[in-house]
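Heads up: the structure comes next, in structure tokens.
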Amino acid sequence: MIALQINGRHVDLDEATPLLGYLAGLGVDPRSVAVEHNGEIVERDRYGEIMLRAGDVVEIVRMVGGGF
């Protein structure tokens, strides 16, 4: 079991997990979110390279349309 922080909340995962796998498990389309991993904004074409590991701090922000 590994512990990390996602969007300010403590999360336990069974093992190191690919970011894309984590997003898929949430039912989130990776094209609709921005991700910060350990203080660094991740380019969308690099999502497949990111593994979520113990101690990581991740922010996942969903894109929302709208406005005036």
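Identifiers for the structure tokens are assigned positionally: chains receive A, B, ... in sequence, residues are indexed from 1 per chain, and ligands are indexed from 1 in the order shown.
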
>> Quick one: residues within 10 Å of Asp56 of chain A, only C-alpha atoms, excluding same-chain residues fewer than 2 positions away - as an NGL selection string?
In response: :A and (2-6 or 37-39 or 51-54 or 58)

> Near Met63 of chain A, counting only C-alpha atoms, which residues have an atom at most 8 Å away, once you skip same-chain residues fewer than 3 positions from it, shown as a PyMOL selection string?
Replying inline: chain A and resi 32-34

For the selection you just gave me, I'd like the residues written to a file as a PDB file, in the first residue's frame, keeping N, CA and C atoms.
ATOM      1  N   SER A  32      -9.535  16.081 -20.728  1.00  0.00           N
ATOM      2  CA  SER A  32     -10.374  17.098 -20.085  1.00  0.00           C
ATOM      3  C   SER A  32      -9.807  17.604 -18.765  1.00  0.00           C
ATOM      4  N   VAL A  33      -8.555  17.226 -18.454  1.00  0.00           N
ATOM      5  CA  VAL A  33      -7.975  17.652 -17.184  1.00  0.00           C
ATOM      6  C   VAL A  33      -6.561  18.194 -17.383  1.00  0.00           C
ATOM      7  N   ALA A  34      -6.151  19.004 -16.425  1.00  0.00           N
ATOM      8  CA  ALA A  34      -4.758  19.433 -16.301  1.00  0.00           C
ATOM      9  C   ALA A  34      -4.218  18.778 -15.030  1.00  0.00           C
TER      10      ALA A  34
END

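Here the DSSP assignment of alpha helix (DSSP H), based on backbone atoms, applies within segment 1-53 of chain A to Leu19, Leu20, Gly21, Tyr22, Leu23, Ala24, Gly25 and Leu26 of chain A.
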
>> Can you tell me which residues surround segment 23-31 of chain A at a distance of at most 10 Å, considering only C-alpha atoms, apart from same-chain residues fewer than 6 positions away, and format the answer as a PyMOL selection string?
In response: chain A and resi 44-45+47+60+62-63

Same residues, C-alpha atoms, saved as a PDB file, in the first residue's frame:
ATOM      1  CA  ARG A  44      -0.673  16.160 -21.699  1.00  0.00           C
ATOM      2  CA  ASP A  45       1.554  14.151 -24.043  1.00  0.00           C
ATOM      3  CA  TYR A  47       0.677  11.659 -18.953  1.00  0.00           C
ATOM      4  CA  ILE A  60      -6.041  17.198 -11.043  1.00  0.00           C
ATOM      5  CA  ARG A  62     -11.070  19.468 -14.685  1.00  0.00           C
ATOM      6  CA  MET A  63     -11.531  21.860 -17.580  1.00  0.00           C
TER       7      MET A  63
END
